[in-house]
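Visitor: This one is run23.cif, mmCIF, C-alpha atoms and all ligand atoms; chains and numbers go by the auth columns.
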```cif
data_model
loop_
_atom_site.group_PDB
_atom_site.id
_atom_site.type_symbol
_atom_site.label_atom_id
_atom_site.label_comp_id
_atom_site.label_asym_id
_atom_site.label_seq_id
_atom_site.Cartn_x
_atom_site.Cartn_y
_atom_site.Cartn_z
_atom_site.B_iso_or_equiv
_atom_site.auth_seq_id
_atom_site.auth_asym_id
ATOM 1 C CA LEU A 1 0.000 0.000 0.000 0.00 1 A
ATOM 2 C CA VAL A 2 1.337 3.428 -0.840 0.00 2 A
ATOM 3 C CA GLN A 3 1.319 5.719 2.181 0.00 3 A
ATOM 4 C CA PRO A 4 -0.099 9.180 1.552 0.00 4 A
ATOM 5 C CA ASP A 5 2.679 11.668 1.064 0.00 5 A
ATOM 6 C CA ARG A 6 2.977 13.585 4.307 0.00 6 A
ATOM 7 C CA LYS A 7 5.670 15.849 3.045 0.00 7 A
ATOM 8 C CA ARG A 8 6.190 19.002 5.101 0.00 8 A
ATOM 9 C CA LEU A 9 6.814 21.695 2.543 0.00 9 A
ATOM 10 C CA ILE A 10 8.749 24.922 2.516 0.00 10 A
ATOM 11 C CA ILE A 11 6.324 27.558 1.201 0.00 11 A
ATOM 12 C CA THR A 12 7.452 31.095 0.451 0.00 12 A
ATOM 13 C CA ILE A 13 5.196 34.116 0.032 0.00 13 A
ATOM 14 C CA ASP A 14 6.876 37.241 -1.267 0.00 14 A
ATOM 15 C CA GLY A 15 5.422 40.514 -2.419 0.00 15 A
ATOM 16 C CA PRO A 16 5.248 44.230 -1.737 0.00 16 A
ATOM 17 C CA ALA A 17 3.953 45.914 1.410 0.00 17 A
ATOM 18 C CA GLY A 18 0.187 45.621 1.733 0.00 18 A
ATOM 19 C CA SER A 19 -0.246 42.722 -0.672 0.00 19 A
ATOM 20 C CA GLY A 20 -1.607 40.550 2.144 0.00 20 A
ATOM 21 C CA LYS A 21 1.463 38.370 2.698 0.00 21 A
ATOM 22 C CA SER A 22 1.514 38.218 6.428 0.00 22 A
ATOM 23 C CA THR A 23 -2.180 37.510 6.975 0.00 23 A
ATOM 24 C CA THR A 24 -2.202 34.919 4.208 0.00 24 A
ATOM 25 C CA ALA A 25 0.989 33.257 5.466 0.00 25 A
ATOM 26 C CA SER A 26 -0.345 33.067 8.990 0.00 26 A
ATOM 27 C CA ARG A 27 -3.655 31.521 7.914 0.00 27 A
ATOM 28 C CA VAL A 28 -1.991 29.052 5.521 0.00 28 A
ATOM 29 C CA ALA A 29 0.378 27.992 8.301 0.00 29 A
ATOM 30 C CA GLN A 30 -2.604 27.408 10.539 0.00 30 A
ATOM 31 C CA ALA A 31 -4.453 25.342 7.915 0.00 31 A
ATOM 32 C CA LEU A 32 -1.442 23.084 7.375 0.00 32 A
ATOM 33 C CA ASN A 33 -0.195 23.158 10.970 0.00 33 A
ATOM 34 C CA TYR A 34 3.073 24.691 9.789 0.00 34 A
ATOM 35 C CA LEU A 35 5.184 27.413 11.320 0.00 35 A
ATOM 36 C CA HIS A 36 4.720 30.973 10.070 0.00 36 A
ATOM 37 C CA LEU A 37 8.030 32.748 9.606 0.00 37 A
ATOM 38 C CA ASP A 38 7.416 36.492 9.333 0.00 38 A
ATOM 39 C CA SER A 39 10.814 37.655 8.099 0.00 39 A
ATOM 40 C CA GLY A 40 9.725 41.315 8.022 0.00 40 A
ATOM 41 C CA ALA A 41 9.228 41.112 11.789 0.00 41 A
ATOM 42 C CA MET A 42 12.908 40.204 12.155 0.00 42 A
ATOM 43 C CA TYR A 43 14.049 43.237 10.153 0.00 43 A
ATOM 44 C CA ARG A 44 11.673 45.337 12.231 0.00 44 A
ATOM 45 C CA ALA A 45 13.075 43.962 15.503 0.00 45 A
ATOM 46 C CA VAL A 46 16.680 44.722 14.511 0.00 46 A
ATOM 47 C CA THR A 47 15.594 48.217 13.453 0.00 47 A
ATOM 48 C CA LEU A 48 13.912 48.748 16.818 0.00 48 A
ATOM 49 C CA ALA A 49 17.090 47.591 18.573 0.00 49 A
ATOM 50 C CA ALA A 50 19.096 50.133 16.553 0.00 50 A
ATOM 51 C CA LEU A 51 16.620 52.909 17.353 0.00 51 A
ATOM 52 C CA ASP A 52 16.617 52.029 21.065 0.00 52 A
ATOM 53 C CA ALA A 53 20.410 52.093 21.116 0.00 53 A
ATOM 54 C CA LYS A 54 20.295 55.433 19.269 0.00 54 A
ATOM 55 C CA VAL A 55 22.923 54.316 16.766 0.00 55 A
ATOM 56 C CA ASP A 56 23.438 56.156 13.518 0.00 56 A
ATOM 57 C CA LEU A 57 21.286 54.177 11.067 0.00 57 A
ATOM 58 C CA GLU A 58 23.547 55.181 8.209 0.00 58 A
ATOM 59 C CA ASP A 59 26.514 53.571 9.959 0.00 59 A
ATOM 60 C CA ASP A 60 26.598 49.966 8.728 0.00 60 A
ATOM 61 C CA ASP A 61 29.119 48.807 11.322 0.00 61 A
ATOM 62 C CA GLN A 62 27.029 50.059 14.219 0.00 62 A
ATOM 63 C CA ILE A 63 23.945 48.328 12.850 0.00 63 A
ATOM 64 C CA ILE A 64 25.893 45.084 12.475 0.00 64 A
ATOM 65 C CA GLN A 65 27.082 45.328 16.077 0.00 65 A
ATOM 66 C CA ILE A 66 23.525 45.825 17.290 0.00 66 A
ATOM 67 C CA ALA A 67 22.273 42.909 15.187 0.00 67 A
ATOM 68 C CA GLU A 68 25.024 40.651 16.541 0.00 68 A
ATOM 69 C CA LYS A 69 24.216 41.592 20.124 0.00 69 A
ATOM 70 C CA SER A 70 20.444 41.205 19.786 0.00 70 A
ATOM 71 C CA THR A 71 18.343 38.094 20.257 0.00 71 A
ATOM 72 C CA VAL A 72 15.261 38.064 18.063 0.00 72 A
ATOM 73 C CA GLU A 73 12.732 35.326 18.775 0.00 73 A
ATOM 74 C CA LEU A 74 9.410 34.536 17.121 0.00 74 A
ATOM 75 C CA MET A 75 6.986 32.604 19.301 0.00 75 A
ATOM 76 C CA PRO A 76 3.694 31.318 17.956 0.00 76 A
ATOM 77 C CA GLN A 77 0.750 32.162 20.184 0.00 77 A
ATOM 78 C CA GLY A 78 -2.394 30.703 18.717 0.00 78 A
ATOM 79 C CA VAL A 79 -2.598 32.041 15.172 0.00 79 A
ATOM 80 C CA PHE A 80 -0.277 34.944 15.930 0.00 80 A
ATOM 81 C CA LEU A 81 3.433 35.267 16.253 0.00 81 A
ATOM 82 C CA ARG A 82 4.770 37.223 19.167 0.00 82 A
ATOM 83 C CA VAL A 83 8.124 38.854 18.569 0.00 83 A
ATOM 84 C CA PHE A 84 10.704 39.152 21.319 0.00 84 A
ATOM 85 C CA LEU A 85 13.787 41.317 21.254 0.00 85 A
ATOM 86 C CA ASN A 86 16.258 40.419 23.978 0.00 86 A
ATOM 87 C CA ARG A 87 13.391 38.613 25.766 0.00 87 A
ATOM 88 C CA ARG A 88 11.170 41.728 25.660 0.00 88 A
ATOM 89 C CA ASP A 89 7.832 41.415 23.858 0.00 89 A
ATOM 90 C CA VAL A 90 8.040 43.927 20.995 0.00 90 A
ATOM 91 C CA THR A 91 5.127 42.584 18.920 0.00 91 A
ATOM 92 C CA ASP A 92 3.358 45.951 18.883 0.00 92 A
ATOM 93 C CA ALA A 93 6.416 48.208 19.075 0.00 93 A
ATOM 94 C CA ILE A 94 7.896 46.859 15.817 0.00 94 A
ATOM 95 C CA ARG A 95 4.781 47.938 13.875 0.00 95 A
ATOM 96 C CA SER A 96 5.121 51.605 14.802 0.00 96 A
ATOM 97 C CA PRO A 97 5.557 54.074 11.915 0.00 97 A
ATOM 98 C CA LYS A 98 8.878 55.109 13.490 0.00 98 A
ATOM 99 C CA VAL A 99 10.261 51.616 12.883 0.00 99 A
ATOM 100 C CA THR A 100 8.738 51.359 9.390 0.00 100 A
ATOM 101 C CA GLU A 101 10.369 54.639 8.397 0.00 101 A
ATOM 102 C CA ALA A 102 13.787 53.663 9.755 0.00 102 A
ATOM 103 C CA ILE A 103 13.976 50.157 8.280 0.00 103 A
ATOM 104 C CA ALA A 104 15.460 50.756 4.804 0.00 104 A
ATOM 105 C CA PRO A 105 19.182 51.001 5.750 0.00 105 A
ATOM 106 C CA VAL A 106 18.871 48.000 8.071 0.00 106 A
ATOM 107 C CA ALA A 107 17.241 45.878 5.354 0.00 107 A
ATOM 108 C CA ALA A 108 19.904 47.020 2.876 0.00 108 A
ATOM 109 C CA ASN A 109 22.777 45.915 5.103 0.00 109 A
ATOM 110 C CA PRO A 110 24.317 42.739 3.593 0.00 110 A
ATOM 111 C CA LYS A 111 25.717 41.469 6.879 0.00 111 A
ATOM 112 C CA VAL A 112 22.395 41.862 8.667 0.00 112 A
ATOM 113 C CA ARG A 113 20.645 40.060 5.798 0.00 113 A
ATOM 114 C CA GLU A 114 23.171 37.245 5.960 0.00 114 A
ATOM 115 C CA MET A 115 22.689 36.873 9.719 0.00 115 A
ATOM 116 C CA LEU A 116 18.902 36.862 9.493 0.00 116 A
ATOM 117 C CA ALA A 117 18.887 34.493 6.496 0.00 117 A
ATOM 118 C CA LYS A 118 20.856 32.000 8.572 0.00 118 A
ATOM 119 C CA VAL A 119 18.243 32.124 11.342 0.00 119 A
ATOM 120 C CA GLN A 120 15.450 31.885 8.764 0.00 120 A
ATOM 121 C CA ARG A 121 16.962 28.752 7.204 0.00 121 A
ATOM 122 C CA HIS A 122 17.372 27.254 10.642 0.00 122 A
ATOM 123 C CA PHE A 123 13.596 27.494 11.174 0.00 123 A
ATOM 124 C CA ALA A 124 13.068 25.430 8.027 0.00 124 A
ATOM 125 C CA VAL A 125 15.433 22.499 8.569 0.00 125 A
ATOM 126 C CA ASP A 126 12.543 20.036 8.856 0.00 126 A
ATOM 127 C CA GLY A 127 10.225 21.828 6.408 0.00 127 A
ATOM 128 C CA GLY A 128 6.681 22.643 7.503 0.00 128 A
ATOM 129 C CA ILE A 129 7.120 26.389 7.162 0.00 129 A
ATOM 130 C CA VAL A 130 5.390 29.321 5.487 0.00 130 A
ATOM 131 C CA ALA A 131 7.908 32.132 5.142 0.00 131 A
ATOM 132 C CA ASP A 132 6.806 35.581 4.037 0.00 132 A
ATOM 133 C CA GLY A 133 8.934 38.554 3.057 0.00 133 A
ATOM 134 C CA ARG A 134 10.720 40.026 0.072 0.00 134 A
ATOM 135 C CA ASP A 135 13.484 37.513 -0.706 0.00 135 A
ATOM 136 C CA MET A 136 12.172 34.254 0.707 0.00 136 A
ATOM 137 C CA GLY A 137 11.785 32.523 -2.668 0.00 137 A
ATOM 138 C CA THR A 138 14.749 34.159 -4.368 0.00 138 A
ATOM 139 C CA VAL A 139 17.580 34.199 -1.817 0.00 139 A
ATOM 140 C CA VAL A 140 16.693 32.441 1.426 0.00 140 A
ATOM 141 C CA PHE A 141 14.806 29.378 0.127 0.00 141 A
ATOM 142 C CA PRO A 142 15.622 29.068 -3.581 0.00 142 A
ATOM 143 C CA ASN A 143 14.612 25.390 -3.430 0.00 143 A
ATOM 144 C CA ALA A 144 11.244 25.978 -1.757 0.00 144 A
ATOM 145 C CA ASP A 145 8.502 23.507 -2.701 0.00 145 A
ATOM 146 C CA LEU A 146 5.958 26.238 -3.403 0.00 146 A
ATOM 147 C CA LYS A 147 6.657 29.894 -4.142 0.00 147 A
ATOM 148 C CA ILE A 148 3.870 32.455 -4.195 0.00 148 A
ATOM 149 C CA PHE A 149 4.281 36.042 -5.371 0.00 149 A
ATOM 150 C CA LEU A 150 1.448 38.248 -4.149 0.00 150 A
ATOM 151 C CA VAL A 151 0.587 41.486 -5.877 0.00 151 A
ATOM 152 C CA ALA A 152 -2.264 43.975 -5.443 0.00 152 A
ATOM 153 C CA SER A 153 -3.110 47.376 -6.859 0.00 153 A
ATOM 154 C CA ILE A 154 -1.737 50.397 -5.045 0.00 154 A
ATOM 155 C CA GLU A 155 -5.299 51.613 -4.438 0.00 155 A
ATOM 156 C CA GLU A 156 -6.302 48.408 -2.745 0.00 156 A
ATOM 157 C CA ARG A 157 -3.098 48.239 -0.692 0.00 157 A
ATOM 158 C CA ALA A 158 -3.654 51.801 0.554 0.00 158 A
ATOM 159 C CA ARG A 159 -7.274 50.975 1.412 0.00 159 A
ATOM 160 C CA ARG A 160 -6.230 47.881 3.375 0.00 160 A
ATOM 161 C CA ARG A 161 -3.621 49.834 5.288 0.00 161 A
ATOM 162 C CA GLN A 162 -6.187 52.536 6.031 0.00 162 A
ATOM 163 C CA SER A 163 -8.651 50.096 7.561 0.00 163 A
ATOM 164 C CA GLU A 164 -5.884 48.400 9.570 0.00 164 A
ATOM 165 C CA LEU A 165 -4.859 51.759 11.020 0.00 165 A
ATOM 166 C CA SER A 166 -8.423 52.883 11.484 0.00 166 A
ATOM 167 C CA ALA A 167 -9.077 49.754 13.584 0.00 167 A
ATOM 168 C CA LYS A 168 -6.320 51.053 15.865 0.00 168 A
ATOM 169 C CA GLY A 169 -7.927 54.483 16.003 0.00 169 A
ATOM 170 C CA ILE A 170 -5.371 56.063 13.641 0.00 170 A
ATOM 171 C CA GLU A 171 -6.813 58.028 10.721 0.00 171 A
ATOM 172 C CA VAL A 172 -4.531 58.624 7.720 0.00 172 A
ATOM 173 C CA SER A 173 -5.593 59.857 4.280 0.00 173 A
ATOM 174 C CA LEU A 174 -5.465 57.519 1.275 0.00 174 A
ATOM 175 C CA ASP A 175 -3.170 59.996 -0.507 0.00 175 A
ATOM 176 C CA ASP A 176 -0.610 59.843 2.298 0.00 176 A
ATOM 177 C CA LEU A 177 -0.800 56.068 2.461 0.00 177 A
ATOM 178 C CA ARG A 178 -0.426 55.737 -1.308 0.00 178 A
ATOM 179 C CA ALA A 179 2.679 57.938 -1.233 0.00 179 A
ATOM 180 C CA ASN A 180 4.120 55.988 1.667 0.00 180 A
ATOM 181 C CA ILE A 181 3.519 52.615 -0.005 0.00 181 A
ATOM 182 C CA LEU A 182 5.068 53.815 -3.272 0.00 182 A
ATOM 183 C CA LYS A 183 8.130 55.004 -1.383 0.00 183 A
ATOM 184 C CA ARG A 184 8.496 51.585 0.247 0.00 184 A
ATOM 185 C CA ASP A 185 8.044 49.818 -3.099 0.00 185 A
ATOM 186 C CA VAL A 186 10.895 51.851 -4.548 0.00 186 A
ATOM 187 C CA SER A 187 13.211 51.182 -1.623 0.00 187 A
ATOM 188 C CA ASP A 188 12.335 47.431 -1.489 0.00 188 A
ATOM 189 C CA SER A 189 12.704 46.928 -5.242 0.00 189 A
ATOM 190 C CA SER A 190 15.701 49.096 -5.997 0.00 190 A
ATOM 191 C CA ARG A 191 18.133 48.129 -3.271 0.00 191 A
ATOM 192 C CA LYS A 192 21.199 46.292 -4.526 0.00 192 A
ATOM 193 C CA ILE A 193 21.061 43.373 -2.145 0.00 193 A
ATOM 194 C CA SER A 194 18.055 41.024 -2.120 0.00 194 A
ATOM 195 C CA PRO A 195 15.623 43.396 -3.813 0.00 195 A
ATOM 196 C CA LEU A 196 11.977 42.453 -4.063 0.00 196 A
ATOM 197 C CA LEU A 197 11.812 40.289 -7.183 0.00 197 A
ATOM 198 C CA LYS A 198 9.381 37.706 -8.392 0.00 198 A
ATOM 199 C CA PRO A 199 11.091 34.301 -8.194 0.00 199 A
ATOM 200 C CA GLU A 200 11.154 32.779 -11.699 0.00 200 A
ATOM 201 C CA ASP A 201 9.307 29.691 -10.564 0.00 201 A
ATOM 202 C CA ALA A 202 6.704 31.485 -8.431 0.00 202 A
ATOM 203 C CA VAL A 203 2.951 31.397 -8.843 0.00 203 A
ATOM 204 C CA THR A 204 1.696 35.001 -9.041 0.00 204 A
ATOM 205 C CA LEU A 205 -1.529 35.844 -7.271 0.00 205 A
ATOM 206 C CA ASP A 206 -3.172 39.239 -7.717 0.00 206 A
ATOM 207 C CA THR A 207 -5.142 39.749 -4.519 0.00 207 A
ATOM 208 C CA SER A 208 -6.700 43.120 -5.475 0.00 208 A
ATOM 209 C CA GLU A 209 -10.146 41.590 -5.749 0.00 209 A
ATOM 210 C CA MET A 210 -9.741 38.589 -3.513 0.00 210 A
ATOM 211 C CA SER A 211 -10.833 38.048 0.072 0.00 211 A
ATOM 212 C CA ILE A 212 -8.374 36.660 2.598 0.00 212 A
ATOM 213 C CA ASP A 213 -10.320 33.377 2.588 0.00 213 A
ATOM 214 C CA GLN A 214 -9.924 33.098 -1.185 0.00 214 A
ATOM 215 C CA GLN A 215 -6.185 33.800 -0.975 0.00 215 A
ATOM 216 C CA VAL A 216 -5.714 31.213 1.740 0.00 216 A
ATOM 217 C CA THR A 217 -7.729 28.590 -0.134 0.00 217 A
ATOM 218 C CA PHE A 218 -5.684 29.209 -3.277 0.00 218 A
ATOM 219 C CA VAL A 219 -2.338 28.783 -1.514 0.00 219 A
ATOM 220 C CA VAL A 220 -3.470 25.761 0.525 0.00 220 A
ATOM 221 C CA ASN A 221 -4.748 24.068 -2.658 0.00 221 A
ATOM 222 C CA GLU A 222 -1.410 24.687 -4.385 0.00 222 A
ATOM 223 C CA ALA A 223 0.368 23.235 -1.333 0.00 223 A
ATOM 224 C CA CYS A 224 -1.881 20.138 -1.347 0.00 224 A
ATOM 225 C CA LYS A 225 -1.084 19.583 -5.038 0.00 225 A
ATOM 226 C CA ARG A 226 2.554 19.389 -3.924 0.00 226 A
ATOM 227 C CA GLY A 227 1.976 16.883 -1.144 0.00 227 A
ATOM 228 C CA ALA A 228 0.942 18.970 1.861 0.00 228 A
ATOM 229 C CA VAL A 229 -1.917 17.713 4.017 0.00 229 A
ATOM 230 C CA ARG A 230 -4.655 20.051 5.192 0.00 230 A
ATOM 231 C CA GLN A 231 -5.160 19.902 8.975 0.00 231 A
ATOM 232 C CA THR A 232 -8.255 22.016 9.488 0.00 232 A
HETATM 233 O O1 LIG B . 6.762 42.805 5.531 0.00 301 A
HETATM 234 P P1 LIG B . 7.050 44.044 6.390 0.00 301 A
HETATM 235 O O2 LIG B . 6.345 45.287 5.943 0.00 301 A
HETATM 236 O O3 LIG B . 6.853 43.782 7.855 0.00 301 A
HETATM 237 O O4 LIG B . 8.614 44.325 6.186 0.00 301 A
HETATM 238 C C1 LIG B . 9.254 45.407 6.773 0.00 301 A
HETATM 239 C C2 LIG B . 10.452 45.821 5.952 0.00 301 A
HETATM 240 O O5 LIG B . 11.464 44.829 6.049 0.00 301 A
HETATM 241 C C3 LIG B . 10.195 46.034 4.472 0.00 301 A
HETATM 242 O O6 LIG B . 10.141 47.412 4.143 0.00 301 A
HETATM 243 C C4 LIG B . 11.357 45.410 3.776 0.00 301 A
HETATM 244 C C5 LIG B . 12.082 44.621 4.806 0.00 301 A
HETATM 245 N N1 LIG B . 12.115 43.195 4.521 0.00 301 A
HETATM 246 C C6 LIG B . 13.140 42.726 3.760 0.00 301 A
HETATM 247 O O7 LIG B . 13.975 43.510 3.316 0.00 301 A
HETATM 248 N N2 LIG B . 13.252 41.396 3.512 0.00 301 A
HETATM 249 C C7 LIG B . 12.354 40.528 3.987 0.00 301 A
HETATM 250 N N3 LIG B . 12.492 39.229 3.732 0.00 301 A
HETATM 251 C C8 LIG B . 11.256 41.005 4.749 0.00 301 A
HETATM 252 C C9 LIG B . 11.153 42.354 4.992 0.00 301 A
#
```
Using structure tokens, write down the structure from this file.
Guide:
Amino acid sequence: LVQPDRKRLIITIDGPAGSGKSTTASRVAQALNYLHLDSGAMYRAVTLAALDAKVDLEDDDQIIQIAEKSTVELMPQGVFLRVFLNRRDVTDAIRSPKVTEAIAPVAANPKVREMLAKVQRHFAVDGGIVADGRDMGTVVFPNADLKIFLVASIEERARRRQSELSAKGIEVSLDDLRANILKRDVSDSSRKISPLLKPEDAVTLDTSEMSIDQQVTFVVNEACKRGAVRQT
């Protein structure tokens, strides 16, 4: 009798800010009982460490020192990941606009990227992971079993960001959000090291007119075609 294939895949989800990566990754991980690796959270945590230490963000060596000294941990709590920096829960702090604005030089630092990529690969030694970010399918897991590239219109991404912020009682105009997202797209796509690129062998999913449920179903179905087993 042939046993069903219970392969635990490495799934990558890359795409620009606001394309729905993190929510999709988290829900797919839940459906397959995999681990969700939110690589953006790691870059955010190192950036927060650099801001806390008041180092010059343009000084690569100082950022490297901070990254080397810091312990970044991701701990699943139900469907969410809590992020710890040097044992302190920074889950909310890393989402602040201050961190988002300061992140570009940290994410462009080759040594920091190398250090974080090593940790990211460590999470995936036994498979069973959904990793989301900008370079998961291109640089960190080039041999991933399933690569998804999420895209969405700028309008829709700005709208999503607006409702996220509004839920937290923060009101920002769509114009400001659009400008902010475009700025991040440019910095993510134009940096020399690990820019945001669609992996050649990725499946592209335009989520502009899709609900989260539809996105999750699509990715889970693709994973099942490749041997994953749905748990819920
Ligand atoms: O996905 P996010 O918005 O939380 O990511 C925050 C920033 O981190 C984003 O502007 C780019 C950077 N990042 C990266 O360079 N590489 C990754 N794999 C993930 C995020």
Visitor: Could you work out an axis-aligned bounding box for all listed atoms of ligand LIG 301 (chain A), with 5 Å added on each of the six sides, and give its centre and edge lengths in Å to one decimal, as lines of an AutoDock Vina configuration file?
Guide:
```
center_x = 10.2
center_y = 43.3
center_z = 5.6
size_x = 17.6
size_y = 18.2
size_z = 14.5
```
Visitor: Figure out the distance between CA of Pro16 in chain A and atom O1 of ligand LIG 301 (chain A), please, to one decimal in Å.
Guide: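 Distance reported for this atom pair: 7.6 Å.
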Visitor: Nearest to ligand LIG 301 (chain A) among A:Arg134, A:Lys192, A:Lys69, A:Arg82, with distances taken over all atoms listed in the file: which residue is it?
Guide: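 Under the stated criterion, the closest residue is A:Arg134.
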Visitor: Please measure the separation of CA of Tyr34 in chain A and CA of Glu200 in chain A, giving the value in Å to one decimal.
Guide: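 Going from CA of Tyr34 in chain A over to CA of Glu200 in chain A covers 24.3 Å.
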Visitor: Please write out the residues within 9 Å of ligand LIG 301 (chain A) as JSON, numbers by chain, counting all atoms listed in the file.
Guide: {"A": [14, 15, 16, 17, 18, 21, 22, 38, 39, 40, 41, 42, 43, 44, 94, 95, 99, 100, 101, 103, 104, 106, 107, 108, 113, 116, 117, 131, 132, 133, 134, 135, 136, 140, 184, 185, 187, 188, 193, 194, 195, 196]}
Visitor: Nearest residue to Thr23 in chain A out of A:Lys183, A:Lys54, A:Arg160, A:Arg88, using all atoms listed in the file?
Guide: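 Among the listed residues, A:Arg160 lies closest to Thr23 in chain A.
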Visitor: Thr91 in chain A: which residues within 8 Å, counting only C-alpha atoms, same-chain residues fewer than 6 positions away excluded, as an mmCIF file with C-alpha atoms, in the frame of the given file?
Guide:
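Result file follows (part.cif):
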```cif
data_model
loop_
_atom_site.group_PDB
_atom_site.id
_atom_site.type_symbol
_atom_site.label_atom_id
_atom_site.label_comp_id
_atom_site.auth_asym_id
_atom_site.auth_seq_id
_atom_site.Cartn_x
_atom_site.Cartn_y
_atom_site.Cartn_z
ATOM 1 C CA LEU A 81 3.433 35.267 16.253
ATOM 2 C CA ARG A 82 4.770 37.223 19.167
ATOM 3 C CA VAL A 83 8.124 38.854 18.569
ATOM 4 C CA PHE A 84 10.704 39.152 21.319
#
```
Visitor: Report the distance between CA of Leu197 in chain A and CA of Thr12 in chain A in Å, rounded to one decimal place.
Guide: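 Separating CA of Leu197 in chain A from CA of Thr12 in chain A is a distance of 12.7 Å.
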Visitor: Within 12 Å of Thr207 in chain A, counting all atoms listed in the file, which residues show up once you throw out same-chain ones fewer than 3 positions away? Write them as a list in words, please.
Guide: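 Residues meeting the cut-off are Gly15, Pro16, Gly18, Ser19, Gly20, Lys21, Thr24, Ile148, Phe149, Leu150, Val151, Ala152, Ser153, Ile154, Glu155, Glu156, Arg157, Arg160, Thr204, Met210, Ser211, Ile212, Asp213, Gln214, Gln215, Val216, Phe218 and Val219 of chain A.
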Visitor: Quick one: apply the PyMOL selection byres (((chain A and resi 124) around 10) and not hetatm) to the file and drop the selected residues here as a VMD selection string.
Guide: chain A and resid 8 to 11 35 37 119 to 123 125 to 131 141 144
Visitor: Expanded to explicit residues, what is the PyMOL selection byres (((chain A and resi 201) around 9) and not hetatm) for this file, as a list in words?
Guide: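 With the shown file as input, the PyMOL selection byres (((chain A and resi 201) around 9) and not hetatm) matches Gly137, Leu146, Lys147, Ile148, Lys198, Pro199, Glu200, Ala202 and Val203 of chain A.
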Visitor: Could you add the missing atoms to range 193-207 of chain A, up to N, CA and C atoms, and return them as an mmCIF file, in the coordinates of the input?
Guide:
```
data_model
loop_
_atom_site.group_PDB
_atom_site.id
_atom_site.type_symbol
_atom_site.label_atom_id
_atom_site.label_comp_id
_atom_site.auth_asym_id
_atom_site.auth_seq_id
_atom_site.Cartn_x
_atom_site.Cartn_y
_atom_site.Cartn_z
ATOM 1 N N ILE A 193 21.035 44.724 -2.691
ATOM 2 C CA ILE A 193 21.061 43.373 -2.145
ATOM 3 C C ILE A 193 19.642 42.865 -1.857
ATOM 4 N N SER A 194 19.365 41.659 -2.334
ATOM 5 C CA SER A 194 18.055 41.024 -2.120
ATOM 6 C C SER A 194 16.877 41.941 -2.374
ATOM 7 N N PRO A 195 16.797 42.561 -3.541
ATOM 8 C CA PRO A 195 15.623 43.396 -3.813
ATOM 9 C C PRO A 195 14.372 42.524 -3.939
ATOM 10 N N LEU A 196 13.229 43.179 -3.855
ATOM 11 C CA LEU A 196 11.977 42.453 -4.063
ATOM 12 C C LEU A 196 11.871 42.082 -5.533
ATOM 13 N N LEU A 197 11.899 40.793 -5.811
ATOM 14 C CA LEU A 197 11.812 40.289 -7.183
ATOM 15 C C LEU A 197 10.894 39.088 -7.194
ATOM 16 N N LYS A 198 10.201 38.909 -8.293
ATOM 17 C CA LYS A 198 9.381 37.706 -8.392
ATOM 18 C C LYS A 198 10.310 36.522 -8.695
ATOM 19 N N PRO A 199 10.276 35.472 -7.856
ATOM 20 C CA PRO A 199 11.091 34.301 -8.194
ATOM 21 C C PRO A 199 10.598 33.731 -9.524
ATOM 22 N N GLU A 200 11.530 33.267 -10.361
ATOM 23 C CA GLU A 200 11.154 32.779 -11.699
ATOM 24 C C GLU A 200 10.088 31.696 -11.654
ATOM 25 N N ASP A 201 10.213 30.841 -10.632
ATOM 26 C CA ASP A 201 9.307 29.691 -10.564
ATOM 27 C C ASP A 201 8.137 29.921 -9.603
ATOM 28 N N ALA A 202 7.807 31.195 -9.360
ATOM 29 C CA ALA A 202 6.704 31.485 -8.431
ATOM 30 C C ALA A 202 5.351 31.505 -9.140
ATOM 31 N N VAL A 203 4.319 31.226 -8.365
ATOM 32 C CA VAL A 203 2.951 31.397 -8.843
ATOM 33 C C VAL A 203 2.523 32.802 -8.420
ATOM 34 N N THR A 204 2.123 33.637 -9.392
ATOM 35 C CA THR A 204 1.696 35.001 -9.041
ATOM 36 C C THR A 204 0.210 35.023 -8.733
ATOM 37 N N LEU A 205 -0.122 35.729 -7.654
ATOM 38 C CA LEU A 205 -1.529 35.844 -7.271
ATOM 39 C C LEU A 205 -1.840 37.315 -7.057
ATOM 40 N N ASP A 206 -2.747 37.841 -7.882
ATOM 41 C CA ASP A 206 -3.172 39.239 -7.717
ATOM 42 C C ASP A 206 -4.351 39.246 -6.749
ATOM 43 N N THR A 207 -4.130 39.831 -5.575
ATOM 44 C CA THR A 207 -5.142 39.749 -4.519
ATOM 45 C C THR A 207 -6.064 40.970 -4.484
#
```
